[in-house]
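Following: one structure in structure tokens, then a few remarks.
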Amino acid sequence: MYEYLLSVFLGIVEGLTEFLPVSSTAHLRICEALLHIDLHDGFWKMYTILIQLGAILALPVYFWGRIVRLVQTFPKGERGNRTIFTNPLSLTLIAFVVTAVPAWALTKVIGKNLENLWVMAMALLIGGIVMWIVDAVFTRPRTMNIDEMTLPQAVWIGAAQILSAVFPGTSRSMSTIAAGQVAGMSRPAALEFSFFLSMPTMVVAVGYDFLKSVIPHHHEAEIAPLTITPHQWVVIAIGFVVSFLVALAVVAWFMNWVRARGFVPFAVYRIVLALGLLTLLMRGML
């Protein structure tokens with residue numbers, strides 16, 4: 001029963017934080033540290049990967065109608081003024097490529113040395129300050145929705161997202177939203193593009209983590225899915241479903257929130273969380 005309740009709790013944490021600009025990686029890592037979960041255990045590695053997939057699934061479900069319209073009108077777009085290089089689907093792919101190659105190379109070199117709570121705390125703090133400043137300064141957008149985006153904007157956002165891959169705790173959504181606002185996009189446009197870019201980015205990132213776990217290198221612990229017990233599969237299923245449902249609700253709520261309000265509350269939350277985490281670390285409580 002304990003593991004079932006734990007799975008519900010972690011599923012809620014993943015669903016709540018995956019698409020908000022507060023870093024799901026940092027939240028899961030903090031919860032795992034507080035709950036003394038063995039991060040090297042093969043089952044919990046598998047569990048973390050699969051509940052992330054649950055959250056990812058919320059995006060195509062929520063944006064299904066929008067995605068279908070973009071595919072049907074490709075490449076000219078719904079307004080008939082787009083090209084193969086400026087269609088929102090193309091821009092999403094371009095931003096993803098800009099992120100993927102350097103992020104993969106950098107993570108291979110330094111990523112393993114950065115996945116610790118101290119780095120995450122500093123990333124939360126700095127990211128919160130940056131988000132607060134950006135939201136206060138860039139208040140006159142030129143691009144009101146993703147149908148008006150330009151190629152340079154997509155490249156810039158893709159480059160900014162590299163930070164979240166290299167520095168855990170930065171948050172993919174924080175990087176892309178802040179970069180979008182700096183590039184002249186409205187809050188809703190920056191958020192929607194952030195969600196679209198999250199789909200390929202997260203699928204590839206989670207898939208890469210899965211392959212690293214199933215085909216380990218340098219004596220890493222191996223995940224053997226066939227040895228997972230029926231009880232453990234139920235634990236995974238609970239986390240997957242809870243993560244999906246919570247993430248779906250969060251995406252719908254967040255889209256409505258941003259249309260009327262800014263990102264400052266999330267920036268404040270990041271800063272408060274970072275200061276709390278740094279306090280616990282300095283006292284040796286984590």
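In the structure tokens, chains take letters A, B, ... by order of appearance, with residues numbered from 1 within each chain and ligands from 1 in the order shown.
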- Shell around stretch 244-261 of chain A at 6 Å using only C-alpha atoms, local window under 3 positions removed, as a list in words: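 My list of contacting residues is Gly15, Leu16, Gly54, Ala55, Ala58, Pro188 and Val241 of chain A.
Residues in contact with A:Val203 at 8 Å, where only C-alpha atoms are counted and same-chain residues fewer than 3 positions away are skipped, are listed as A:Leu53, A:Ile56, A:Met199, A:Pro200, A:Val206, A:Gly207.
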Those residues with C-alpha atoms, as a PDB file, in the first residue's frame please?
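Output below, filename selection.pdb:
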```
ATOM      1  CA  LEU A  53       5.906   9.635 -20.634  1.00  0.00           C
ATOM      2  CA  ILE A  56       4.202  13.977 -22.244  1.00  0.00           C
ATOM      3  CA  MET A 199       6.737  17.196 -27.482  1.00  0.00           C
ATOM      4  CA  PRO A 200       9.723  16.145 -29.650  1.00  0.00           C
ATOM      5  CA  VAL A 206      13.065  10.304 -22.245  1.00  0.00           C
ATOM      6  CA  GLY A 207      13.738   7.748 -24.993  1.00  0.00           C
TER       7      GLY A 207
END
```
- Near A:Arg187, counting only C-alpha atoms, which residues have an atom at most 10 Å away, once you skip same-chain residues fewer than 3 positions from it, shown as an MDAnalysis selection string? chainID A and resid 135 138:139 141 143:145 177:178 180:181 184 190:192 255 258:263
- If you measure from atom CA of A:Ile238 to atom CA of A:Ala26, what distance in Å do you get, rounded to one decimal? 21.4 Å
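Using only C-alpha atoms, the shortest contact distance between A:Phe9 and any of A:Trp233, A:Phe43, A:Asn87, A:His27 is found at A:His27.
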- Separation of atom CA of A:Ile162 and atom CA of A:Ala103, in Å? 5.3 Å
A:Leu91 environment, 10 Å, only C-alpha atoms, sequence neighbours closer than 5 positions dropped, as a compact mmCIF listing (two decimals) with N, CA and C atoms, in the first residue's frame:
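Output file part_24.txt is given in full below:
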```
# COMPACT_ATOMS: atom_id res chain seq x y z
N ILE A 84 7.36 26.52 -46.11
CA ILE A 84 7.87 25.30 -45.49
C ILE A 84 8.89 25.61 -44.39
N PHE A 85 9.47 26.81 -44.43
CA PHE A 85 10.46 27.19 -43.42
C PHE A 85 9.86 28.00 -42.27
N THR A 86 8.63 28.50 -42.44
CA THR A 86 8.03 29.35 -41.40
C THR A 86 6.73 28.78 -40.84
N PHE A 96 13.95 22.28 -32.32
CA PHE A 96 14.36 21.02 -31.70
C PHE A 96 15.76 20.61 -32.13
N VAL A 97 16.05 20.72 -33.42
CA VAL A 97 17.38 20.36 -33.94
C VAL A 97 18.44 21.27 -33.34
N ILE A 146 1.77 31.76 -32.51
CA ILE A 146 2.84 31.03 -33.18
C ILE A 146 2.69 31.02 -34.70
N MET A 149 5.24 33.52 -36.00
CA MET A 149 6.64 33.36 -35.63
C MET A 149 7.57 33.40 -36.83
N THR A 150 8.82 33.79 -36.56
CA THR A 150 9.84 33.83 -37.60
C THR A 150 10.90 32.76 -37.34
N LEU A 151 11.68 32.48 -38.37
CA LEU A 151 12.76 31.50 -38.24
C LEU A 151 13.80 31.92 -37.19
N PRO A 152 14.26 33.17 -37.16
CA PRO A 152 15.22 33.56 -36.12
C PRO A 152 14.68 33.37 -34.70
N GLN A 153 13.39 33.61 -34.49
CA GLN A 153 12.80 33.40 -33.16
C GLN A 153 12.89 31.92 -32.76
N ALA A 154 12.59 31.04 -33.70
CA ALA A 154 12.64 29.60 -33.41
C ALA A 154 14.06 29.16 -33.10
N VAL A 155 15.03 29.65 -33.86
CA VAL A 155 16.43 29.29 -33.62
C VAL A 155 16.88 29.79 -32.26
N GLY A 158 15.32 27.63 -29.52
CA GLY A 158 16.00 26.33 -29.48
C GLY A 158 17.35 26.42 -28.80
N PHE A 193 4.29 27.78 -27.97
CA PHE A 193 5.45 27.23 -28.67
C PHE A 193 6.29 26.37 -27.73
N PHE A 196 4.64 23.04 -27.75
CA PHE A 196 4.89 22.32 -29.01
C PHE A 196 6.32 21.79 -29.06
N LEU A 197 7.27 22.61 -28.63
CA LEU A 197 8.67 22.20 -28.64
C LEU A 197 8.94 21.10 -27.62
```
- Item | Separation of atom CA of A:Val242 from atom CA of A:Ala165, in Å and rounded to one decimal |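 Computing the Euclidean distance for atom CA of A:Val242 and atom CA of A:Ala165 yields 25.1 Å.
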